[in-house]
$ cat query.tsv   # TSV, C-alpha atoms and all ligand atoms
chain	number	residue	atom	x	y	z
A	1	MET	CA	28.13	-5.79	30.02
A	2	ARG	CA	29.72	-8.91	28.48
A	3	THR	CA	30.86	-8.76	24.87
A	4	TYR	CA	28.99	-10.56	22.09
A	5	LYS	CA	30.44	-12.04	18.89
A	6	VAL	CA	28.53	-11.03	15.78
A	7	ALA	CA	28.49	-11.77	12.06
A	8	VAL	CA	27.55	-9.21	9.43
A	9	VAL	CA	25.56	-10.94	6.68
A	10	GLY	CA	25.54	-8.79	3.55
A	11	ALA	CA	28.87	-7.34	4.69
A	12	THR	CA	29.89	-6.16	1.21
A	13	GLY	CA	26.78	-4.03	0.69
A	14	MET	CA	26.13	-0.38	1.52
A	15	VAL	CA	24.47	-1.17	4.86
A	16	GLY	CA	26.92	-3.99	5.62
A	17	GLN	CA	29.84	-1.59	5.17
A	18	ARG	CA	28.18	0.83	7.58
A	19	PHE	CA	27.80	-1.96	10.11
A	20	LEU	CA	31.52	-2.67	9.91
A	21	THR	CA	32.49	0.96	10.50
A	22	LEU	CA	30.12	1.22	13.47
A	23	LEU	CA	31.24	-2.06	15.01
A	24	GLU	CA	34.97	-1.32	14.60
A	25	ASN	CA	35.46	-0.18	18.21
A	26	HIS	CA	32.11	-1.12	19.68
A	27	PRO	CA	32.23	-1.68	23.46
A	28	TRP	CA	29.80	-4.65	23.47
A	29	PHE	CA	29.90	-6.24	20.00
A	30	SER	CA	32.87	-7.64	18.09
A	31	VAL	CA	32.77	-8.77	14.46
A	32	ALA	CA	33.78	-12.44	14.25
A	33	MET	CA	32.53	-13.33	10.76
A	34	LEU	CA	31.54	-11.72	7.47
A	35	ALA	CA	29.16	-13.24	4.95
A	36	ALA	CA	27.66	-12.32	1.60
A	37	SER	CA	26.55	-14.04	-1.62
A	38	PRO	CA	28.27	-16.98	-3.33
A	39	ARG	CA	29.89	-14.34	-5.61
A	40	SER	CA	31.91	-13.07	-2.63
A	41	ALA	CA	32.35	-16.30	-0.67
A	42	GLY	CA	35.92	-17.59	-0.37
A	43	LYS	CA	37.44	-14.20	-1.28
A	44	THR	CA	39.05	-11.82	1.16
A	45	TYR	CA	36.77	-8.92	2.08
A	46	THR	CA	38.90	-6.54	-0.04
A	47	GLU	CA	38.71	-8.86	-3.06
A	48	ALA	CA	34.96	-9.33	-2.59
A	49	LEU	CA	34.39	-5.58	-2.41
A	50	ASN	CA	36.16	-5.13	-5.74
A	51	GLY	CA	36.33	-1.35	-5.29
A	52	ARG	CA	32.86	-0.95	-3.76
A	53	TRP	CA	34.00	0.49	-0.40
A	54	ALA	CA	31.81	3.61	-0.13
A	55	MET	CA	32.37	4.73	3.46
A	56	PRO	CA	33.92	8.09	4.34
A	57	VAL	CA	36.55	6.34	6.51
A	58	PRO	CA	39.22	3.93	5.22
A	59	LEU	CA	38.59	0.19	5.28
A	60	SER	CA	39.91	-1.20	8.53
A	61	ASP	CA	42.81	-3.68	8.60
A	62	SER	CA	40.79	-5.79	11.02
A	63	VAL	CA	38.39	-6.82	8.24
A	64	ALA	CA	40.32	-6.21	4.99
A	65	ASN	CA	41.85	-9.69	4.81
A	66	ARG	CA	39.07	-11.70	6.40
A	67	VAL	CA	37.64	-14.42	4.21
A	68	VAL	CA	33.97	-13.84	3.36
A	69	LEU	CA	31.62	-16.77	4.04
A	70	ASP	CA	28.55	-17.81	2.06
A	71	ALA	CA	25.48	-16.61	3.96
A	72	GLU	CA	23.43	-19.64	2.90
A	73	ALA	CA	25.92	-22.51	2.50
A	74	ASP	CA	27.85	-21.58	5.67
A	75	ALA	CA	24.79	-20.77	7.81
A	76	GLU	CA	25.42	-23.51	10.39
A	77	LYS	CA	29.05	-22.53	10.84
A	78	ILE	CA	28.11	-18.87	11.23
A	79	ALA	CA	25.17	-19.51	13.57
A	80	SER	CA	27.28	-21.66	15.87
A	81	GLY	CA	30.23	-19.23	15.86
A	82	VAL	CA	28.51	-16.00	16.90
A	83	ASP	CA	25.95	-14.74	19.43
A	84	PHE	CA	23.76	-13.07	16.81
A	85	ILE	CA	23.88	-11.69	13.26
A	86	PHE	CA	23.23	-8.35	11.63
A	87	CYS	CA	21.57	-9.02	8.27
A	88	ALA	CA	21.30	-6.59	5.32
A	89	VAL	CA	21.04	-8.45	2.03
A	90	ASP	CA	19.68	-7.62	-1.38
A	91	MET	CA	17.81	-10.82	-2.23
A	92	PRO	CA	14.25	-11.65	-3.30
A	93	LYS	CA	11.83	-11.33	-0.38
A	94	ASP	CA	11.06	-15.05	-0.12
A	95	ALA	CA	14.75	-15.94	-0.10
A	96	THR	CA	15.48	-13.31	2.55
A	97	ARG	CA	12.61	-14.58	4.69
A	98	ALA	CA	13.88	-18.16	4.41
A	99	LEU	CA	17.47	-17.11	5.19
A	100	GLU	CA	16.50	-15.14	8.30
A	101	GLU	CA	14.20	-17.86	9.57
A	102	ARG	CA	16.93	-20.43	9.03
A	103	TYR	CA	19.34	-18.48	11.28
A	104	ALA	CA	16.66	-17.99	13.93
A	105	LYS	CA	15.90	-21.72	13.88
A	106	LEU	CA	19.63	-22.41	14.24
A	107	GLU	CA	19.20	-20.51	17.56
A	108	CYS	CA	21.02	-17.44	16.24
A	109	PRO	CA	19.10	-14.16	16.72
A	110	VAL	CA	18.78	-12.00	13.61
A	111	ILE	CA	18.86	-8.19	13.66
A	112	SER	CA	17.53	-7.42	10.22
A	113	ASN	CA	17.51	-4.39	7.97
A	114	ASN	CA	15.51	-6.20	5.33
A	115	SER	CA	11.80	-5.78	4.70
A	116	ALA	CA	10.91	-9.50	4.44
A	117	HIS	CA	9.74	-9.92	8.06
A	118	ARG	CA	8.57	-6.38	8.82
A	119	LEU	CA	4.87	-7.06	8.77
A	120	PHE	CA	4.83	-10.29	10.82
A	121	ALA	CA	2.79	-9.52	13.94
A	122	ASP	CA	5.20	-11.36	16.25
A	123	VAL	CA	8.34	-9.79	14.77
A	124	PRO	CA	9.17	-6.53	16.53
A	125	MET	CA	9.99	-3.60	14.22
A	126	ILE	CA	11.79	-1.31	16.58
A	127	VAL	CA	12.72	2.34	16.57
A	128	PRO	CA	14.37	2.12	19.99
A	129	GLU	CA	13.19	5.53	21.26
A	130	VAL	CA	9.64	4.96	20.04
A	131	ASN	CA	8.48	1.38	20.63
A	132	PRO	CA	11.00	-0.53	22.80
A	133	GLN	CA	8.06	-2.31	24.49
A	134	HIS	CA	7.46	-4.32	21.29
A	135	VAL	CA	10.41	-6.58	22.17
A	136	GLN	CA	7.97	-8.53	24.35
A	137	VAL	CA	6.48	-10.27	21.27
A	138	ILE	CA	9.76	-12.18	20.91
A	139	ASP	CA	8.49	-14.79	23.39
A	140	ALA	CA	5.50	-15.57	21.14
A	141	GLN	CA	7.72	-15.60	18.06
A	142	ARG	CA	10.09	-18.09	19.70
A	143	LYS	CA	7.10	-20.35	20.39
A	144	ARG	CA	5.99	-20.14	16.74
A	145	LEU	CA	9.51	-20.88	15.48
A	146	GLY	CA	10.13	-23.56	18.12
A	147	THR	CA	13.33	-21.86	19.31
A	148	LYS	CA	14.85	-21.11	22.69
A	149	ARG	CA	17.29	-18.32	21.73
A	150	GLY	CA	16.65	-17.65	18.08
A	151	PHE	CA	14.37	-14.82	16.93
A	152	ILE	CA	14.13	-12.09	14.31
A	153	ALA	CA	13.88	-8.39	15.10
A	154	VAL	CA	13.71	-5.85	12.29
A	155	LYS	CA	14.42	-2.24	11.52
A	156	SER	CA	11.74	-0.22	9.81
A	157	ASN	CA	12.22	1.34	6.40
A	158	CYS	CA	14.71	4.24	6.34
A	159	SER	CA	12.14	6.67	4.89
A	160	ILE	CA	10.01	6.72	8.07
A	161	GLN	CA	12.95	7.43	10.40
A	162	SER	CA	12.72	11.15	9.84
A	163	TYR	CA	9.01	11.78	10.38
A	164	VAL	CA	7.91	9.06	12.82
A	165	PRO	CA	10.36	10.23	15.54
A	166	ALA	CA	9.18	13.84	15.06
A	167	LEU	CA	5.50	12.90	15.31
A	168	HIS	CA	5.93	10.48	18.19
A	169	PRO	CA	6.23	13.06	21.02
A	170	LEU	CA	2.96	14.57	19.68
A	171	MET	CA	0.92	11.36	19.81
A	172	ASP	CA	-1.26	12.46	22.71
A	173	TYR	CA	-2.57	15.32	20.54
A	174	HIS	CA	-3.90	12.42	18.39
A	175	PRO	CA	-2.67	12.98	14.84
A	176	THR	CA	-5.47	12.03	12.45
A	177	GLU	CA	-3.91	12.78	9.04
A	178	VAL	CA	-0.28	12.99	7.97
A	179	LEU	CA	1.14	13.88	4.56
A	180	ALA	CA	4.87	13.31	4.08
A	181	CYS	CA	6.97	13.96	0.96
A	182	THR	CA	10.41	12.44	1.27
A	183	TYR	CA	13.59	13.51	-0.53
A	184	GLN	CA	15.78	10.41	-0.35
A	185	ALA	CA	19.52	10.00	-0.89
A	186	ILE	CA	21.04	7.59	-3.40
A	187	SER	CA	22.77	5.45	-0.73
A	188	GLY	CA	19.24	4.35	0.14
A	189	ALA	CA	19.37	2.33	-3.07
A	190	GLY	CA	22.80	0.97	-2.17
A	191	LYS	CA	24.30	3.37	-4.75
A	192	THR	CA	26.93	6.09	-5.12
A	193	PHE	CA	27.24	8.70	-7.90
A	194	ALA	CA	29.93	6.46	-9.43
A	195	SER	CA	27.60	3.48	-9.58
A	196	TRP	CA	24.50	5.55	-10.49
A	197	PRO	CA	25.67	8.42	-12.77
A	198	GLU	CA	22.09	9.02	-13.97
A	199	MET	CA	21.42	10.60	-10.55
A	200	VAL	CA	23.92	13.44	-11.06
A	201	ASP	CA	21.91	16.68	-11.55
A	202	ASN	CA	18.68	14.69	-11.52
A	203	VAL	CA	15.57	13.88	-9.49
A	204	ILE	CA	13.62	10.65	-9.99
A	205	PRO	CA	10.01	10.76	-8.80
A	206	TYR	CA	9.66	7.06	-8.05
A	207	ILE	CA	11.16	4.61	-5.54
A	208	GLY	CA	9.63	1.16	-5.98
A	209	GLY	CA	7.54	0.04	-3.00
A	210	GLU	CA	8.66	2.95	-0.84
A	211	GLU	CA	5.35	4.79	-0.51
A	212	GLU	CA	3.48	1.64	0.56
A	213	LYS	CA	6.11	0.98	3.27
A	214	SER	CA	6.17	4.62	4.33
A	215	GLU	CA	2.40	4.67	4.85
A	216	ARG	CA	2.02	1.26	6.48
A	217	GLU	CA	5.08	0.78	8.71
A	218	PRO	CA	4.45	3.73	11.07
A	219	LEU	CA	1.15	2.13	12.08
A	220	LYS	CA	2.98	-1.01	13.20
A	221	VAL	CA	5.59	1.05	15.07
A	222	TRP	CA	2.73	2.85	16.89
A	223	GLY	CA	0.81	-0.41	17.37
A	224	THR	CA	-0.02	-2.10	20.67
A	225	VAL	CA	0.94	-5.55	21.90
A	226	GLN	CA	-2.05	-7.83	22.41
A	227	ASN	CA	-1.66	-11.54	23.21
A	228	GLY	CA	1.89	-11.77	21.88
A	229	ALA	CA	1.12	-9.92	18.64
A	230	ILE	CA	1.52	-6.33	17.51
A	231	VAL	CA	-1.79	-4.86	16.43
A	232	ASP	CA	-1.37	-1.88	14.10
A	233	ALA	CA	-2.54	1.54	15.23
A	234	ALA	CA	-5.76	2.57	13.48
A	235	SER	CA	-4.58	6.15	12.89
A	236	PRO	CA	-3.23	8.51	11.66
A	237	ALA	CA	-4.10	8.09	7.99
A	238	ILE	CA	-0.78	8.59	6.18
A	239	THR	CA	-0.14	9.53	2.57
A	240	THR	CA	3.33	9.94	1.07
A	241	GLN	CA	5.32	10.73	-2.05
A	242	CYS	CA	8.89	9.41	-2.06
A	243	VAL	CA	11.40	11.00	-4.42
A	244	ARG	CA	15.06	10.17	-5.12
A	245	VAL	CA	17.31	13.24	-5.03
A	246	PRO	CA	21.01	13.74	-5.83
A	247	ALA	CA	22.34	13.57	-2.25
A	248	THR	CA	24.79	10.89	-1.14
A	249	ASP	CA	23.24	10.27	2.30
A	250	GLY	CA	20.29	11.61	4.28
A	251	HIS	CA	16.54	11.33	3.84
A	252	LEU	CA	14.66	14.60	4.33
A	253	ALA	CA	10.87	14.79	4.74
A	254	ALA	CA	8.37	17.64	4.32
A	255	VAL	CA	5.59	16.77	6.75
A	256	PHE	CA	2.04	18.08	7.22
A	257	ALA	CA	-0.11	16.89	10.13
A	258	ARG	CA	-3.65	17.34	11.39
A	259	PHE	CA	-4.61	16.45	14.97
A	260	SER	CA	-7.85	15.92	16.83
A	261	GLN	CA	-6.46	18.38	19.37
A	262	LYS	CA	-4.33	21.02	17.63
A	263	PRO	CA	-1.03	21.62	19.49
A	264	ARG	CA	0.46	25.08	19.94
A	265	LEU	CA	3.75	25.55	18.10
A	266	ASP	CA	5.71	26.31	21.26
A	267	ASP	CA	4.31	23.12	22.84
A	268	VAL	CA	5.47	21.11	19.83
A	269	ILE	CA	8.99	22.52	20.14
A	270	ALA	CA	9.01	21.91	23.89
A	271	ARG	CA	7.93	18.28	23.34
A	272	TRP	CA	10.68	17.72	20.78
A	273	LYS	CA	13.35	19.22	23.02
A	274	ALA	CA	12.25	17.28	26.10
A	275	PHE	CA	11.73	13.93	24.40
A	276	GLU	CA	13.93	11.01	25.39
A	277	GLY	CA	13.44	7.29	25.15
A	278	GLU	CA	14.87	4.13	26.67
A	279	PRO	CA	18.17	4.41	24.74
A	280	GLN	CA	18.86	7.74	26.44
A	281	GLN	CA	17.67	6.50	29.86
A	282	LEU	CA	19.74	3.29	29.58
A	283	LYS	CA	22.68	5.28	28.15
A	284	LEU	CA	23.10	2.77	25.33
A	285	PRO	CA	26.49	3.22	23.60
A	286	SER	CA	25.06	4.36	20.24
A	287	ALA	CA	22.20	6.46	21.61
A	288	PRO	CA	22.27	10.15	20.67
A	289	ARG	CA	22.34	12.37	23.75
A	290	GLN	CA	19.46	14.44	22.29
A	291	PHE	CA	17.23	12.38	19.95
A	292	ILE	CA	15.40	15.29	18.28
A	293	HIS	CA	17.25	18.53	17.52
A	294	TYR	CA	15.12	21.54	16.67
A	295	PHE	CA	16.58	24.24	14.42
A	296	GLU	CA	15.26	27.82	14.60
A	297	GLU	CA	16.99	28.87	11.35
A	298	ASN	CA	14.72	29.02	8.28
A	299	ASP	CA	17.16	27.11	6.10
A	300	ARG	CA	17.75	24.10	8.39
A	301	PRO	CA	17.91	21.18	8.63
A	302	GLN	CA	19.96	20.67	5.48
A	303	THR	CA	20.88	17.22	4.23
A	304	ARG	CA	24.62	17.82	3.88
A	305	LEU	CA	25.04	20.02	6.95
A	306	ASP	CA	22.91	18.15	9.45
A	307	ARG	CA	22.73	14.45	8.57
A	308	MET	CA	25.76	13.60	10.76
A	309	LEU	CA	24.34	15.20	13.90
A	310	GLU	CA	25.31	13.03	16.90
A	311	ASN	CA	27.15	10.55	14.64
A	312	GLY	CA	24.18	10.33	12.32
A	313	MET	CA	21.92	8.98	15.07
A	314	ALA	CA	19.88	12.11	15.87
A	315	VAL	CA	16.86	13.37	13.95
A	316	SER	CA	16.80	17.06	13.07
A	317	VAL	CA	13.66	19.11	12.65
A	318	GLY	CA	12.98	22.66	11.53
A	319	ARG	CA	10.65	25.06	9.70
A	320	LEU	CA	7.77	24.37	12.08
A	321	ARG	CA	4.78	26.49	11.06
A	322	GLU	CA	1.00	26.52	11.11
A	323	ASP	CA	-0.49	25.38	7.80
A	324	SER	CA	-3.53	26.63	5.92
A	325	GLN	CA	-4.78	23.09	5.09
A	326	TYR	CA	-3.35	21.00	7.94
A	327	ASP	CA	-2.62	22.08	11.53
A	328	ILE	CA	1.17	22.14	11.35
A	329	LYS	CA	3.98	21.52	8.89
A	330	PHE	CA	7.70	20.98	9.35
A	331	ILE	CA	10.85	19.53	7.79
A	332	SER	CA	12.68	16.58	9.32
A	333	LEU	CA	15.89	14.77	8.42
A	334	SER	CA	17.67	11.57	9.35
A	335	HIS	CA	20.75	9.77	8.05
A	336	ASN	CA	19.44	6.82	6.07
A	337	THR	CA	22.34	4.39	6.41
A	338	LEU	CA	23.12	5.39	10.03
A	339	ARG	CA	19.92	6.06	12.04
A	340	GLY	CA	17.85	4.64	9.16
A	341	ALA	CA	19.77	1.39	8.72
A	342	ALA	CA	23.01	0.15	10.31
A	343	GLY	CA	23.12	2.61	13.23
A	344	GLY	CA	19.48	1.93	14.03
A	345	GLY	CA	20.25	-1.81	13.84
A	346	VAL	CA	23.18	-1.48	16.24
A	347	LEU	CA	21.07	0.62	18.64
A	348	MET	CA	18.28	-1.98	18.52
A	349	ALA	CA	20.84	-4.72	19.26
A	350	GLU	CA	22.13	-2.70	22.21
A	351	LEU	CA	18.58	-2.42	23.54
A	352	LEU	CA	18.06	-6.18	23.15
A	353	ALA	CA	21.44	-6.91	24.78
A	354	ALA	CA	20.60	-4.63	27.71
A	355	LYS	CA	17.33	-6.53	28.14
A	356	GLY	CA	19.10	-9.93	28.06
A	357	TYR	CA	17.71	-11.21	24.74
A	358	PHE	CA	21.09	-12.52	23.53
A	359	ASP	CA	21.94	-14.42	26.73
B	1	LIG	N1	20.85	1.50	1.87
B	1	LIG	C1	19.97	1.92	2.79
B	1	LIG	O1	19.93	3.11	3.17
B	1	LIG	C2	19.03	0.95	3.43
B	1	LIG	C3	18.26	1.42	4.49
B	1	LIG	C4	17.40	0.54	5.15
B	1	LIG	C5	17.33	-0.77	4.72
B	1	LIG	N2	18.07	-1.21	3.67
B	1	LIG	C6	17.94	-2.63	3.31
B	1	LIG	O2	19.16	-3.32	3.62
B	1	LIG	C7	19.36	-4.38	2.69
B	1	LIG	C8	20.70	-4.20	2.02
B	1	LIG	O3	20.71	-2.96	1.35
B	1	LIG	P1	22.05	-2.35	0.74
B	1	LIG	O4	21.70	-0.97	0.35
B	1	LIG	O5	23.18	-2.58	1.67
B	1	LIG	O6	22.23	-3.28	-0.57
B	1	LIG	P2	23.54	-3.52	-1.44
B	1	LIG	O7	24.52	-2.44	-1.26
B	1	LIG	O8	23.06	-3.85	-2.80
B	1	LIG	O9	24.19	-4.87	-0.78
B	1	LIG	C9	23.55	-6.09	-0.87
B	1	LIG	C10	24.28	-7.15	-0.05
B	1	LIG	O10	23.50	-8.38	-0.15
B	1	LIG	C11	24.40	-9.42	-0.49
B	1	LIG	N3	23.71	-10.48	-1.22
B	1	LIG	C12	23.12	-10.40	-2.44
B	1	LIG	N4	22.62	-11.62	-2.78
B	1	LIG	C13	22.91	-12.48	-1.75
B	1	LIG	C14	22.70	-13.86	-1.52
B	1	LIG	N5	22.09	-14.64	-2.40
B	1	LIG	N6	23.14	-14.38	-0.35
B	1	LIG	C15	23.76	-13.61	0.56
B	1	LIG	N7	24.03	-12.29	0.39
B	1	LIG	C16	23.61	-11.73	-0.77
B	1	LIG	C17	25.46	-8.75	-1.35
B	1	LIG	O11	26.60	-9.60	-1.41
B	1	LIG	P3	27.56	-9.62	-2.72
B	1	LIG	O12	28.45	-8.43	-2.62
B	1	LIG	O13	28.29	-10.92	-2.54
B	1	LIG	O14	26.67	-9.59	-3.93
B	1	LIG	C18	25.69	-7.47	-0.54
B	1	LIG	O15	26.51	-7.76	0.57
B	1	LIG	C19	18.18	-4.34	1.72
B	1	LIG	O16	17.18	-5.24	2.17
B	1	LIG	C20	17.70	-2.90	1.84
B	1	LIG	O17	16.33	-2.78	1.52
B	1	LIG	C21	18.93	-0.39	3.02
$ encode --input "query.tsv" --output "structure tokens"
Amino acid sequence: MRTYKVAVVGATGMVGQRFLTLLENHPWFSVAMLAASPRSAGKTYTEALNGRWAMPVPLSDSVANRVVLDAEADAEKIASGVDFIFCAVDMPKDATRALEERYAKLECPVISNNSAHRLFADVPMIVPEVNPQHVQVIDAQRKRLGTKRGFIAVKSNCSIQSYVPALHPLMDYHPTEVLACTYQAISGAGKTFASWPEMVDNVIPYIGGEEEKSEREPLKVWGTVQNGAIVDAASPAITTQCVRVPATDGHLAAVFARFSQKPRLDDVIARWKAFEGEPQQLKLPSAPRQFIHYFEENDRPQTRLDRMLENGMAVSVGRLREDSQYDIKFISLSHNTLRGAAGGGVLMAELLAAKGYFD
């Protein structure tokens, strides 16, 4: 595999910082440029961070003194200097959409963690183990945008990364109704306890826009490609409650599911243990060896103990039981800024690189 030069746009943010730690020794991708808002532009990365480094590993010398570019004003320079960009910015939706489209039209592919393009039918929203076949809509998107190389591919919302992978191996039992309550870490809001002290010893029962995304996005991920567009799956019906809890990282979900054909519990466990997707088959560098880990212990998975399983790229599941109202219920957990954001973005980029989309 050749190596690709990349820029991280939104490099100073929570997800951007994760990208930098994951790309530090990446075998295929090397960070050539960093970009953020005009507030950071022209400063070294350390100056721009201004104490915001929130990663559990020290800031690397390879980026500390790099000068941060302006994502908008320097777009042409960035697009011509790298093979593709990772984009994770906190901007109004319209501005994010315009920024991402601008890079794509400058023939620079965009791997996005933002929600602005998630519901476009010709923009693939990829969980690499679940719907890698959706990359094929990129051809239609390139036609719409009038590009040869440029395109946008997006990550789904971090909240769905715990329960969609766990339900996916059960799809041929035809889930009809799913109820998921998520217990989401503060890094999902780009925050730490230092920057959000109100979250210490507290639970906040509202995350703006999260329930709508959590109910809608799985249907696109499970959708089918028809004439260059992704058509959402018609079922299952999904209802959610998303709650912010005082954990640094890790989104945990309590899931209830009803199926048209009720699976036996031991079949569910066997499906989870046997499941692998293209990332495992292609041995992509960031792919977890085992995507879904099933815990027998009653008190697992736990956010703090289990979020870093397989470098934060695996999904852990436990407490599988029959339910009195639904058919089954279980708990699932994924790391929101790794599998749910930057790690999932890097894995998606590896999938696209392996399929030749950056050449
Ligand atoms: N945190 C998560 O777990 C998570 C998971 C999935 C998806 N996401 C999504 O990822 C994106 C970033 O989230 P985050 O948590 O990393 O946010 P964050 O920590 O608030 O960081 C926001 C980043 O956006 C940059 N930015 C703000 N305005 C900009 C502008 N006008 N032009 C260019 N860059 C600008 C900031 O640069 P400055 O430092 O210069 O202001 C910073 O680098 C959001 O769309 C979020 O929904 C987050």
$ residues_near_ligand --input "query.tsv" --ligand "ligand LIG 1 (chain B)" --cutoff "6 Å" --atoms "all atoms listed in the file" --output "compact mmCIF listing (two decimals) with C-alpha atoms, keeping the file's coordinate frame"
# COMPACT_ATOMS: atom_id res chain seq x y z
CA GLY A 10 25.54 -8.79 3.55
CA ALA A 11 28.87 -7.34 4.69
CA THR A 12 29.89 -6.16 1.21
CA GLY A 13 26.78 -4.03 0.69
CA MET A 14 26.13 -0.38 1.52
CA VAL A 15 24.47 -1.17 4.86
CA GLY A 16 26.92 -3.99 5.62
CA ALA A 36 27.66 -12.32 1.60
CA SER A 37 26.55 -14.04 -1.62
CA ARG A 39 29.89 -14.34 -5.61
CA SER A 40 31.91 -13.07 -2.63
CA ALA A 71 25.48 -16.61 3.96
CA ALA A 88 21.30 -6.59 5.32
CA VAL A 89 21.04 -8.45 2.03
CA ASP A 90 19.68 -7.62 -1.38
CA MET A 91 17.81 -10.82 -2.23
CA ASN A 113 17.51 -4.39 7.97
CA ASN A 114 15.51 -6.20 5.33
CA SER A 115 11.80 -5.78 4.70
CA ASN A 157 12.22 1.34 6.40
CA CYS A 158 14.71 4.24 6.34
CA SER A 187 22.77 5.45 -0.73
CA GLY A 188 19.24 4.35 0.14
CA ALA A 189 19.37 2.33 -3.07
CA GLY A 190 22.80 0.97 -2.17
CA ASN A 336 19.44 6.82 6.07
CA THR A 337 22.34 4.39 6.41
CA GLY A 340 17.85 4.64 9.16
CA ALA A 341 19.77 1.39 8.72
$ atom_distance --input "query.tsv" --atom1 "atom CA of Gly277 of chain A" --atom2 "atom CA of Glu212 of chain A"
27.1 Å
$ atom_distance --input "query.tsv" --atom1 "atom CA of Val231 of chain A" --atom2 "atom CA of Val130 of chain A"
15.5 Å
$ closest_residue --input "query.tsv" --among "A:Glu24, A:Asp323, A:Asp122, A:Glu76" --to "Phe256 of chain A" --atoms "all atoms listed in the file"
A:Asp323
$ residues_around --input "query.tsv" --residues "Glu276 of chain A" --least-positions-apart "2" --cutoff "7 Å" --atoms "all atoms listed in the file" --output "ChimeraX atom specification"
/A:129,274,280,291
$ write_last_selection --input "query.tsv" --atoms "C-alpha atoms" --output "PDB file, in the frame of the given file"
ATOM      1  CA  GLU A 129      13.190   5.530  21.260  1.00  0.00           C
ATOM      2  CA  ALA A 274      12.250  17.280  26.100  1.00  0.00           C
ATOM      3  CA  GLN A 280      18.860   7.740  26.440  1.00  0.00           C
ATOM      4  CA  PHE A 291      17.230  12.380  19.950  1.00  0.00           C
TER       5      PHE A 291
END
$ residues_around --input "query.tsv" --residues "Val8 of chain A" --least-positions-apart "5" --cutoff "8 Å" --atoms "all atoms listed in the file" --output "PDB file with C-alpha atoms, in the coordinates of the input"
ATOM      1  CA  GLY A  16      26.920  -3.990   5.620  1.00  0.00           C
ATOM      2  CA  PHE A  19      27.800  -1.960  10.110  1.00  0.00           C
ATOM      3  CA  LEU A  20      31.520  -2.670   9.910  1.00  0.00           C
ATOM      4  CA  VAL A  31      32.770  -8.770  14.460  1.00  0.00           C
ATOM      5  CA  MET A  33      32.530 -13.330  10.760  1.00  0.00           C
ATOM      6  CA  LEU A  34      31.540 -11.720   7.470  1.00  0.00           C
ATOM      7  CA  ALA A  35      29.160 -13.240   4.950  1.00  0.00           C
ATOM      8  CA  ILE A  85      23.880 -11.690  13.260  1.00  0.00           C
ATOM      9  CA  PHE A  86      23.230  -8.350  11.630  1.00  0.00           C
ATOM     10  CA  CYS A  87      21.570  -9.020   8.270  1.00  0.00           C
ATOM     11  CA  ALA A  88      21.300  -6.590   5.320  1.00  0.00           C
TER      12      ALA A  88
END
$ atom_distance --input "query.tsv" --atom1 "atom CA of Ala237 of chain A" --atom2 "atom CA of Glu177 of chain A"
4.8 Å
$ residues_around --input "query.tsv" --residues "Gly318 of chain A" --least-positions-apart "4" --cutoff "10 Å" --atoms "all atoms listed in the file" --output "list in words"
Ala254, Ile269, His293, Tyr294, Phe295, Glu296, Glu297, Asn298, Asp299, Arg300, Pro301, Gln302, Lys329, Phe330, Ile331, Ser332 and Leu333 of chain A
$ residues_around --input "query.tsv" --residues "Lys93 of chain A" --least-positions-apart "3" --cutoff "7 Å" --atoms "all atoms listed in the file" --output "PDB file with C-alpha atoms, in the coordinates of the input"
ATOM      1  CA  THR A  96      15.480 -13.310   2.550  1.00  0.00           C
ATOM      2  CA  ARG A  97      12.610 -14.580   4.690  1.00  0.00           C
ATOM      3  CA  ALA A 116      10.910  -9.500   4.440  1.00  0.00           C
TER       4      ALA A 116
END
$ axis_aligned_box --input "query.tsv" --around "segment 90-105 of chain A" --padding-each-side "4 Å" --output "JSON"
{"center_x": 15.4, "center_y": -14.7, "center_z": 5.3, "size_x": 16.6, "size_y": 22.1, "size_z": 25.2}
$ closest_residue --input "query.tsv" --among "A:Pro218, A:Ala257, A:Pro175, A:Ala64" --to "Asn50 of chain A" --atoms "all atoms listed in the file"
A:Ala64
$ closest_residue --input "query.tsv" --among "A:Ile126, A:Ala104, A:Val315, A:Leu179" --to "Leu145 of chain A" --atoms "all atoms listed in the file"
A:Ala104
$ decode --input "query.tsv" --residues "segment 300-306 of chain A" --atoms "N, CA and C atoms" --output "CSV table (one decimal), in the first residue's frame"
chain,number,residue,atom,x,y,z
A,300,ARG,N,-20.7,-6.5,33.3
A,300,ARG,CA,-19.9,-6.0,32.2
A,300,ARG,C,-20.8,-5.9,31.0
A,301,PRO,N,-20.5,-5.1,30.0
A,301,PRO,CA,-19.4,-4.2,29.9
A,301,PRO,C,-19.6,-3.0,30.8
A,302,GLN,N,-18.4,-2.5,31.3
A,302,GLN,CA,-18.4,-1.2,32.1
A,302,GLN,C,-17.7,-0.2,31.3
A,303,THR,N,-18.2,1.1,31.3
A,303,THR,CA,-17.6,2.1,30.6
A,303,THR,C,-16.1,2.3,30.8
A,304,ARG,N,-15.7,2.4,32.0
A,304,ARG,CA,-14.3,2.6,32.3
A,304,ARG,C,-13.4,1.4,32.0
A,305,LEU,N,-13.9,0.2,32.3
A,305,LEU,CA,-13.1,-1.0,32.2
A,305,LEU,C,-13.0,-1.4,30.7
A,306,ASP,N,-14.0,-1.2,29.9
A,306,ASP,CA,-14.1,-1.9,28.7
A,306,ASP,C,-14.1,-1.0,27.4
